[in-house]
file protein37.txt (compact mmCIF, N, CA and C atoms)
# COMPACT_ATOMS: atom_id res chain seq x y z
N MET I 1 -0.16 -7.75 21.48
CA MET I 1 1.05 -7.02 21.18
C MET I 1 0.78 -6.14 19.97
N ASN I 2 0.61 -4.88 20.21
CA ASN I 2 0.30 -3.95 19.14
C ASN I 2 1.34 -2.83 19.15
N TYR I 3 2.21 -2.81 18.15
CA TYR I 3 3.27 -1.80 18.08
C TYR I 3 2.93 -0.68 17.11
N GLY I 4 1.80 -0.71 16.49
CA GLY I 4 1.45 0.33 15.53
C GLY I 4 1.80 -0.07 14.11
N PHE I 5 3.08 -0.12 13.81
CA PHE I 5 3.54 -0.48 12.47
C PHE I 5 4.24 -1.83 12.51
N PRO I 6 4.04 -2.67 11.50
CA PRO I 6 4.74 -3.96 11.48
C PRO I 6 6.23 -3.77 11.17
N ASP I 7 7.01 -4.77 11.50
CA ASP I 7 8.46 -4.70 11.32
C ASP I 7 8.86 -4.50 9.87
N TRP I 8 8.15 -5.12 8.95
CA TRP I 8 8.54 -5.03 7.55
C TRP I 8 8.43 -3.60 7.03
N MET I 9 7.57 -2.79 7.67
CA MET I 9 7.41 -1.41 7.21
C MET I 9 8.67 -0.58 7.49
N PHE I 10 9.34 -0.85 8.60
CA PHE I 10 10.58 -0.14 8.89
C PHE I 10 11.68 -0.54 7.90
N ALA I 11 11.70 -1.81 7.53
CA ALA I 11 12.66 -2.24 6.52
C ALA I 11 12.36 -1.59 5.17
N ALA I 12 11.09 -1.48 4.83
CA ALA I 12 10.72 -0.85 3.56
C ALA I 12 11.09 0.64 3.55
N VAL I 13 10.92 1.32 4.67
CA VAL I 13 11.30 2.73 4.76
C VAL I 13 12.81 2.88 4.59
N ALA I 14 13.58 2.00 5.21
CA ALA I 14 15.03 2.07 5.08
C ALA I 14 15.48 1.83 3.64
N ILE I 15 14.89 0.85 2.98
CA ILE I 15 15.24 0.56 1.59
C ILE I 15 14.84 1.73 0.68
N ALA I 16 13.65 2.27 0.90
CA ALA I 16 13.19 3.40 0.09
C ALA I 16 14.07 4.63 0.30
N ALA I 17 14.48 4.88 1.54
CA ALA I 17 15.36 6.03 1.81
C ALA I 17 16.68 5.88 1.06
N TYR I 18 17.22 4.67 1.05
CA TYR I 18 18.48 4.44 0.35
C TYR I 18 18.31 4.62 -1.16
N GLU I 19 17.26 4.05 -1.70
CA GLU I 19 17.04 4.14 -3.15
C GLU I 19 16.79 5.57 -3.61
N ILE I 20 15.98 6.30 -2.85
CA ILE I 20 15.69 7.69 -3.22
C ILE I 20 16.93 8.55 -3.10
N ALA I 21 17.71 8.33 -2.03
CA ALA I 21 18.94 9.11 -1.86
C ALA I 21 19.95 8.80 -2.95
N ALA I 22 20.04 7.54 -3.35
CA ALA I 22 20.96 7.18 -4.44
C ALA I 22 20.53 7.85 -5.74
N TRP I 23 19.23 7.92 -5.98
CA TRP I 23 18.73 8.59 -7.18
C TRP I 23 19.03 10.08 -7.13
N ILE I 24 18.78 10.71 -5.97
CA ILE I 24 19.06 12.14 -5.81
C ILE I 24 20.55 12.41 -5.99
N LYS I 25 21.37 11.57 -5.42
CA LYS I 25 22.82 11.74 -5.55
C LYS I 25 23.26 11.65 -7.01
N HIS I 26 22.72 10.68 -7.71
CA HIS I 26 23.09 10.49 -9.11
C HIS I 26 22.52 11.59 -10.01
N ARG I 27 21.27 11.95 -9.79
CA ARG I 27 20.59 12.90 -10.66
C ARG I 27 21.04 14.34 -10.44
N PHE I 28 21.15 14.73 -9.16
CA PHE I 28 21.44 16.13 -8.84
C PHE I 28 22.83 16.34 -8.27
N HIS I 29 23.61 15.28 -8.16
CA HIS I 29 24.98 15.34 -7.65
C HIS I 29 25.05 15.95 -6.25
N LEU I 30 24.15 15.52 -5.39
CA LEU I 30 24.13 15.98 -4.01
C LEU I 30 24.65 14.85 -3.12
N GLU I 31 25.88 14.98 -2.69
CA GLU I 31 26.52 13.92 -1.90
C GLU I 31 25.88 13.76 -0.52
N TRP I 32 25.35 14.84 0.04
CA TRP I 32 24.81 14.78 1.39
C TRP I 32 23.50 13.99 1.46
N ALA I 33 22.89 13.71 0.34
CA ALA I 33 21.64 12.94 0.35
C ALA I 33 21.87 11.54 0.90
N MET I 34 23.02 10.97 0.64
CA MET I 34 23.31 9.63 1.15
C MET I 34 23.48 9.65 2.67
N TRP I 35 24.01 10.73 3.22
CA TRP I 35 24.15 10.81 4.68
C TRP I 35 22.79 10.84 5.36
N ILE I 36 21.83 11.51 4.74
CA ILE I 36 20.47 11.52 5.29
C ILE I 36 19.88 10.12 5.21
N ALA I 37 20.10 9.44 4.11
CA ALA I 37 19.59 8.07 3.96
C ALA I 37 20.23 7.15 5.00
N TYR I 38 21.52 7.29 5.23
CA TYR I 38 22.19 6.47 6.24
C TYR I 38 21.62 6.74 7.63
N ALA I 39 21.30 7.99 7.92
CA ALA I 39 20.70 8.33 9.21
C ALA I 39 19.32 7.68 9.36
N ILE I 40 18.53 7.70 8.31
CA ILE I 40 17.21 7.06 8.34
C ILE I 40 17.35 5.55 8.52
N ILE I 41 18.32 4.95 7.84
CA ILE I 41 18.56 3.51 7.97
C ILE I 41 18.95 3.16 9.40
N VAL I 42 19.82 3.96 10.00
CA VAL I 42 20.24 3.70 11.38
C VAL I 42 19.06 3.84 12.34
N ILE I 43 18.23 4.85 12.14
CA ILE I 43 17.06 5.02 13.00
C ILE I 43 16.12 3.83 12.88
N CYS I 44 15.88 3.37 11.67
CA CYS I 44 15.01 2.21 11.47
C CYS I 44 15.61 0.96 12.11
N ALA I 45 16.92 0.80 12.00
CA ALA I 45 17.58 -0.36 12.60
C ALA I 45 17.49 -0.30 14.13
N ILE I 46 17.63 0.89 14.70
CA ILE I 46 17.52 1.02 16.15
C ILE I 46 16.10 0.71 16.61
N VAL I 47 15.10 1.19 15.88
CA VAL I 47 13.71 0.91 16.24
C VAL I 47 13.45 -0.59 16.17
N LEU I 48 13.93 -1.24 15.13
CA LEU I 48 13.74 -2.69 15.01
C LEU I 48 14.47 -3.45 16.11
N LEU I 49 15.65 -3.00 16.48
CA LEU I 49 16.40 -3.65 17.55
C LEU I 49 15.67 -3.50 18.89
N ILE I 50 15.16 -2.32 19.17
CA ILE I 50 14.40 -2.11 20.41
C ILE I 50 13.15 -2.99 20.43
N ARG I 51 12.45 -3.04 19.32
CA ARG I 51 11.25 -3.88 19.26
C ARG I 51 11.58 -5.35 19.44
N TYR I 52 12.70 -5.81 18.88
CA TYR I 52 13.11 -7.20 19.02
C TYR I 52 13.45 -7.51 20.48
N VAL I 53 14.17 -6.61 21.14
CA VAL I 53 14.53 -6.82 22.54
C VAL I 53 13.28 -6.85 23.40
N ILE I 54 12.35 -5.92 23.19
CA ILE I 54 11.11 -5.91 23.96
C ILE I 54 10.33 -7.20 23.74
N ARG I 55 10.27 -7.65 22.50
CA ARG I 55 9.56 -8.89 22.19
C ARG I 55 10.18 -10.09 22.89
N MET I 56 11.50 -10.15 22.92
CA MET I 56 12.18 -11.27 23.58
C MET I 56 11.99 -11.23 25.09
N VAL I 57 12.03 -10.04 25.68
CA VAL I 57 11.82 -9.92 27.13
C VAL I 57 10.40 -10.34 27.49
N ARG I 58 9.44 -9.91 26.71
CA ARG I 58 8.05 -10.29 26.99
C ARG I 58 7.83 -11.78 26.83
N ARG I 59 8.48 -12.40 25.88
CA ARG I 59 8.33 -13.85 25.70
C ARG I 59 8.94 -14.62 26.85
N ARG I 60 10.04 -14.13 27.38
CA ARG I 60 10.66 -14.83 28.52
C ARG I 60 9.82 -14.68 29.78
N ARG I 61 9.17 -13.56 29.93
CA ARG I 61 8.33 -13.35 31.11
C ARG I 61 7.02 -14.10 31.02
N HIS I 62 6.41 -14.11 29.86
CA HIS I 62 5.09 -14.71 29.67
C HIS I 62 5.15 -15.76 28.57
N HIS I 63 5.97 -16.74 28.74
CA HIS I 63 6.14 -17.73 27.68
C HIS I 63 4.94 -18.66 27.53
N GLU I 64 4.08 -18.74 28.54
CA GLU I 64 2.93 -19.62 28.41
C GLU I 64 1.76 -18.96 27.69
N ALA I 65 1.70 -17.66 27.63
CA ALA I 65 0.59 -16.95 26.99
C ALA I 65 1.07 -16.31 25.70
N ASP I 66 0.99 -17.04 24.61
CA ASP I 66 1.40 -16.50 23.31
C ASP I 66 0.26 -15.69 22.70
N ASP I 67 0.64 -14.64 22.01
CA ASP I 67 -0.33 -13.78 21.34
C ASP I 67 -0.63 -14.37 19.97
N PRO I 68 -1.89 -14.67 19.65
CA PRO I 68 -2.21 -15.27 18.35
C PRO I 68 -2.00 -14.30 17.18
N ASP I 69 -1.95 -13.00 17.44
CA ASP I 69 -1.75 -12.02 16.38
C ASP I 69 -0.30 -11.60 16.26
N ASP I 70 0.61 -12.30 16.90
CA ASP I 70 2.02 -11.94 16.90
C ASP I 70 2.63 -12.05 15.49
N TRP I 71 2.15 -12.97 14.68
CA TRP I 71 2.71 -13.16 13.34
C TRP I 71 2.50 -11.94 12.48
N ARG I 72 1.55 -11.08 12.78
CA ARG I 72 1.28 -9.89 11.97
C ARG I 72 2.33 -8.81 12.15
N ASN I 73 3.16 -8.88 13.16
CA ASN I 73 4.15 -7.86 13.45
C ASN I 73 5.48 -8.12 12.78
N TYR I 74 5.63 -9.22 12.07
CA TYR I 74 6.91 -9.53 11.44
C TYR I 74 7.00 -8.96 10.06

call {"tool": "encode", "arguments": {"input": "protein37.txt", "output": "structure tokens"}}
result
Amino acid sequence: MNYGFPDWMFAAVAIAAYEIAAWIKHRFHLEWAMWIAYAIIVICAIVLLIRYVIRMVRRRRHHEADDPDDWRNY
């Protein structure tokens, strides 16, 4: 099971987008920066949800053959 990027990286991108947008909003008084951060957070959440659903479907289909490298994707 190789998805390219691990799940924690999407969470880190979402947190970084929020923190950077909050700094931009505070420093430069740009209110729209938070809307961009919210969009990035939603995209990351959707990607994580899709990956979780795919992972659960694959486990139900092939529950006897576990991937030993699966722990690296969390």

call {"tool": "atom_distance", "arguments": {"input": "protein37.txt", "atom1": "atom C of Asp7 (chain I)", "atom2": "atom C of Trp23 (chain I)"}}
result
24.6 Å

call {"tool": "atom_distance", "arguments": {"input": "protein37.txt", "atom1": "atom N of Arg55 (chain I)", "atom2": "atom N of Phe5 (chain I)"}}
result
13.6 Å

call {"tool": "atom_distance", "arguments": {"input": "protein37.txt", "atom1": "CA of Val42 (chain I)", "atom2": "CA of Val57 (chain I)"}}
result
22.5 Å

call {"tool": "closest_residue", "arguments": {"input": "protein37.txt", "among": "I:Ala39, I:Trp32, I:Leu48, I:Ile54", "to": "Ala11 (chain I)", "atoms": "only N, CA and C atoms"}}
result
I:Leu48

call {"tool": "closest_residue", "arguments": {"input": "protein37.txt", "among": "I:Ile46, I:Met56, I:Ala21, I:Ala14", "to": "Met34 (chain I)", "atoms": "all atoms listed in the file"}}
result
I:Ala21

call {"tool": "closest_residue", "arguments": {"input": "protein37.txt", "among": "I:Val47, I:Tyr38, I:Glu31, I:Gly4", "to": "Ala17 (chain I)", "atoms": "all atoms listed in the file"}}
result
I:Tyr38

call {"tool": "residues_around", "arguments": {"input": "protein37.txt", "residues": "Ala22 (chain I)", "least_positions_apart": "2", "cutoff": "12 Å", "atoms": "only C-alpha atoms", "output": "NGL selection string"}}
result
:I and (15-20 or 24-38)

call {"tool": "decode", "arguments": {"input": "protein37.txt", "residues": "region 14-25 of chain I", "atoms": "all heavy atoms", "output": "PDB file, in the first residue's frame"}}
result
ATOM      1  N   ALA I  14      -2.263  21.067   6.672  1.00  0.00           N
ATOM      2  CA  ALA I  14      -3.453  21.783   7.128  1.00  0.00           C
ATOM      3  C   ALA I  14      -3.129  22.704   8.304  1.00  0.00           C
ATOM      4  O   ALA I  14      -3.569  23.863   8.342  1.00  0.00           O
ATOM      5  CB  ALA I  14      -4.541  20.788   7.510  1.00  0.00           C
ATOM      6  N   ILE I  15      -2.355  22.215   9.251  1.00  0.00           N
ATOM      7  CA  ILE I  15      -1.978  23.034  10.412  1.00  0.00           C
ATOM      8  C   ILE I  15      -1.104  24.211   9.977  1.00  0.00           C
ATOM      9  O   ILE I  15      -1.300  25.348  10.422  1.00  0.00           O
ATOM     10  CB  ILE I  15      -1.264  22.172  11.466  1.00  0.00           C
ATOM     11  CG1 ILE I  15      -2.244  21.168  12.068  1.00  0.00           C
ATOM     12  CG2 ILE I  15      -0.643  23.036  12.559  1.00  0.00           C
ATOM     13  CD1 ILE I  15      -1.590  20.099  12.908  1.00  0.00           C
ATOM     14  N   ALA I  16      -0.150  23.950   9.087  1.00  0.00           N
ATOM     15  CA  ALA I  16       0.719  25.023   8.605  1.00  0.00           C
ATOM     16  C   ALA I  16      -0.068  26.076   7.829  1.00  0.00           C
ATOM     17  O   ALA I  16       0.186  27.274   7.985  1.00  0.00           O
ATOM     18  CB  ALA I  16       1.824  24.441   7.727  1.00  0.00           C
ATOM     19  N   ALA I  17      -1.025  25.640   7.026  1.00  0.00           N
ATOM     20  CA  ALA I  17      -1.845  26.604   6.273  1.00  0.00           C
ATOM     21  C   ALA I  17      -2.617  27.505   7.221  1.00  0.00           C
ATOM     22  O   ALA I  17      -2.700  28.725   7.010  1.00  0.00           O
ATOM     23  CB  ALA I  17      -2.806  25.857   5.345  1.00  0.00           C
ATOM     24  N   TYR I  18      -3.159  26.924   8.279  1.00  0.00           N
ATOM     25  CA  TYR I  18      -3.911  27.720   9.244  1.00  0.00           C
ATOM     26  C   TYR I  18      -3.001  28.711   9.978  1.00  0.00           C
ATOM     27  O   TYR I  18      -3.344  29.887  10.135  1.00  0.00           O
ATOM     28  CB  TYR I  18      -4.620  26.814  10.248  1.00  0.00           C
ATOM     29  CG  TYR I  18      -5.431  27.591  11.241  1.00  0.00           C
ATOM     30  CD1 TYR I  18      -6.694  28.047  10.919  1.00  0.00           C
ATOM     31  CD2 TYR I  18      -4.924  27.897  12.502  1.00  0.00           C
ATOM     32  CE1 TYR I  18      -7.441  28.775  11.817  1.00  0.00           C
ATOM     33  CE2 TYR I  18      -5.655  28.624  13.405  1.00  0.00           C
ATOM     34  CZ  TYR I  18      -6.915  29.056  13.061  1.00  0.00           C
ATOM     35  OH  TYR I  18      -7.640  29.792  13.955  1.00  0.00           O
ATOM     36  N   GLU I  19      -1.859  28.235  10.414  1.00  0.00           N
ATOM     37  CA  GLU I  19      -0.940  29.101  11.160  1.00  0.00           C
ATOM     38  C   GLU I  19      -0.398  30.241  10.297  1.00  0.00           C
ATOM     39  O   GLU I  19      -0.315  31.388  10.745  1.00  0.00           O
ATOM     40  CB  GLU I  19       0.214  28.276  11.730  1.00  0.00           C
ATOM     41  CG  GLU I  19      -0.197  27.329  12.827  1.00  0.00           C
ATOM     42  CD  GLU I  19      -0.691  28.042  14.061  1.00  0.00           C
ATOM     43  OE1 GLU I  19      -0.212  29.157  14.356  1.00  0.00           O
ATOM     44  OE2 GLU I  19      -1.561  27.485  14.745  1.00  0.00           O
ATOM     45  N   ILE I  20      -0.032  29.928   9.063  1.00  0.00           N
ATOM     46  CA  ILE I  20       0.493  30.967   8.173  1.00  0.00           C
ATOM     47  C   ILE I  20      -0.590  31.976   7.827  1.00  0.00           C
ATOM     48  O   ILE I  20      -0.349  33.186   7.813  1.00  0.00           O
ATOM     49  CB  ILE I  20       1.099  30.329   6.907  1.00  0.00           C
ATOM     50  CG1 ILE I  20       2.375  29.571   7.279  1.00  0.00           C
ATOM     51  CG2 ILE I  20       1.386  31.371   5.837  1.00  0.00           C
ATOM     52  CD1 ILE I  20       2.930  28.713   6.167  1.00  0.00           C
ATOM     53  N   ALA I  21      -1.805  31.488   7.575  1.00  0.00           N
ATOM     54  CA  ALA I  21      -2.904  32.405   7.259  1.00  0.00           C
ATOM     55  C   ALA I  21      -3.253  33.282   8.450  1.00  0.00           C
ATOM     56  O   ALA I  21      -3.556  34.471   8.282  1.00  0.00           O
ATOM     57  CB  ALA I  21      -4.129  31.620   6.806  1.00  0.00           C
ATOM     58  N   ALA I  22      -3.211  32.729   9.653  1.00  0.00           N
ATOM     59  CA  ALA I  22      -3.484  33.537  10.840  1.00  0.00           C
ATOM     60  C   ALA I  22      -2.417  34.619  11.005  1.00  0.00           C
ATOM     61  O   ALA I  22      -2.733  35.762  11.375  1.00  0.00           O
ATOM     62  CB  ALA I  22      -3.544  32.649  12.076  1.00  0.00           C
ATOM     63  N   TRP I  23      -1.171  34.279  10.714  1.00  0.00           N
ATOM     64  CA  TRP I  23      -0.100  35.271  10.797  1.00  0.00           C
ATOM     65  C   TRP I  23      -0.285  36.363   9.751  1.00  0.00           C
ATOM     66  O   TRP I  23      -0.122  37.549  10.038  1.00  0.00           O
ATOM     67  CB  TRP I  23       1.261  34.590  10.623  1.00  0.00           C
ATOM     68  CG  TRP I  23       2.393  35.553  10.690  1.00  0.00           C
ATOM     69  CD1 TRP I  23       2.946  36.097  11.815  1.00  0.00           C
ATOM     70  CD2 TRP I  23       3.096  36.118   9.587  1.00  0.00           C
ATOM     71  NE1 TRP I  23       3.965  36.948  11.469  1.00  0.00           N
ATOM     72  CE2 TRP I  23       4.074  36.985  10.108  1.00  0.00           C
ATOM     73  CE3 TRP I  23       3.001  35.961   8.207  1.00  0.00           C
ATOM     74  CZ2 TRP I  23       4.942  37.699   9.288  1.00  0.00           C
ATOM     75  CZ3 TRP I  23       3.858  36.665   7.397  1.00  0.00           C
ATOM     76  CH2 TRP I  23       4.815  37.526   7.937  1.00  0.00           C
ATOM     77  N   ILE I  24      -0.613  35.956   8.513  1.00  0.00           N
ATOM     78  CA  ILE I  24      -0.846  36.939   7.441  1.00  0.00           C
ATOM     79  C   ILE I  24      -2.026  37.836   7.784  1.00  0.00           C
ATOM     80  O   ILE I  24      -1.972  39.050   7.573  1.00  0.00           O
ATOM     81  CB  ILE I  24      -1.055  36.223   6.094  1.00  0.00           C
ATOM     82  CG1 ILE I  24       0.263  35.602   5.619  1.00  0.00           C
ATOM     83  CG2 ILE I  24      -1.599  37.178   5.038  1.00  0.00           C
ATOM     84  CD1 ILE I  24       0.123  34.716   4.406  1.00  0.00           C
ATOM     85  N   LYS I  25      -3.073  37.253   8.313  1.00  0.00           N
ATOM     86  CA  LYS I  25      -4.250  38.038   8.691  1.00  0.00           C
ATOM     87  C   LYS I  25      -3.904  39.062   9.771  1.00  0.00           C
ATOM     88  O   LYS I  25      -4.317  40.215   9.711  1.00  0.00           O
ATOM     89  CB  LYS I  25      -5.360  37.112   9.178  1.00  0.00           C
ATOM     90  CG  LYS I  25      -6.595  37.826   9.632  1.00  0.00           C
ATOM     91  CD  LYS I  25      -7.607  36.856  10.200  1.00  0.00           C
ATOM     92  CE  LYS I  25      -8.764  37.618  10.804  1.00  0.00           C
ATOM     93  NZ  LYS I  25      -9.660  36.740  11.538  1.00  0.00           N
TER      94      LYS I  25
END
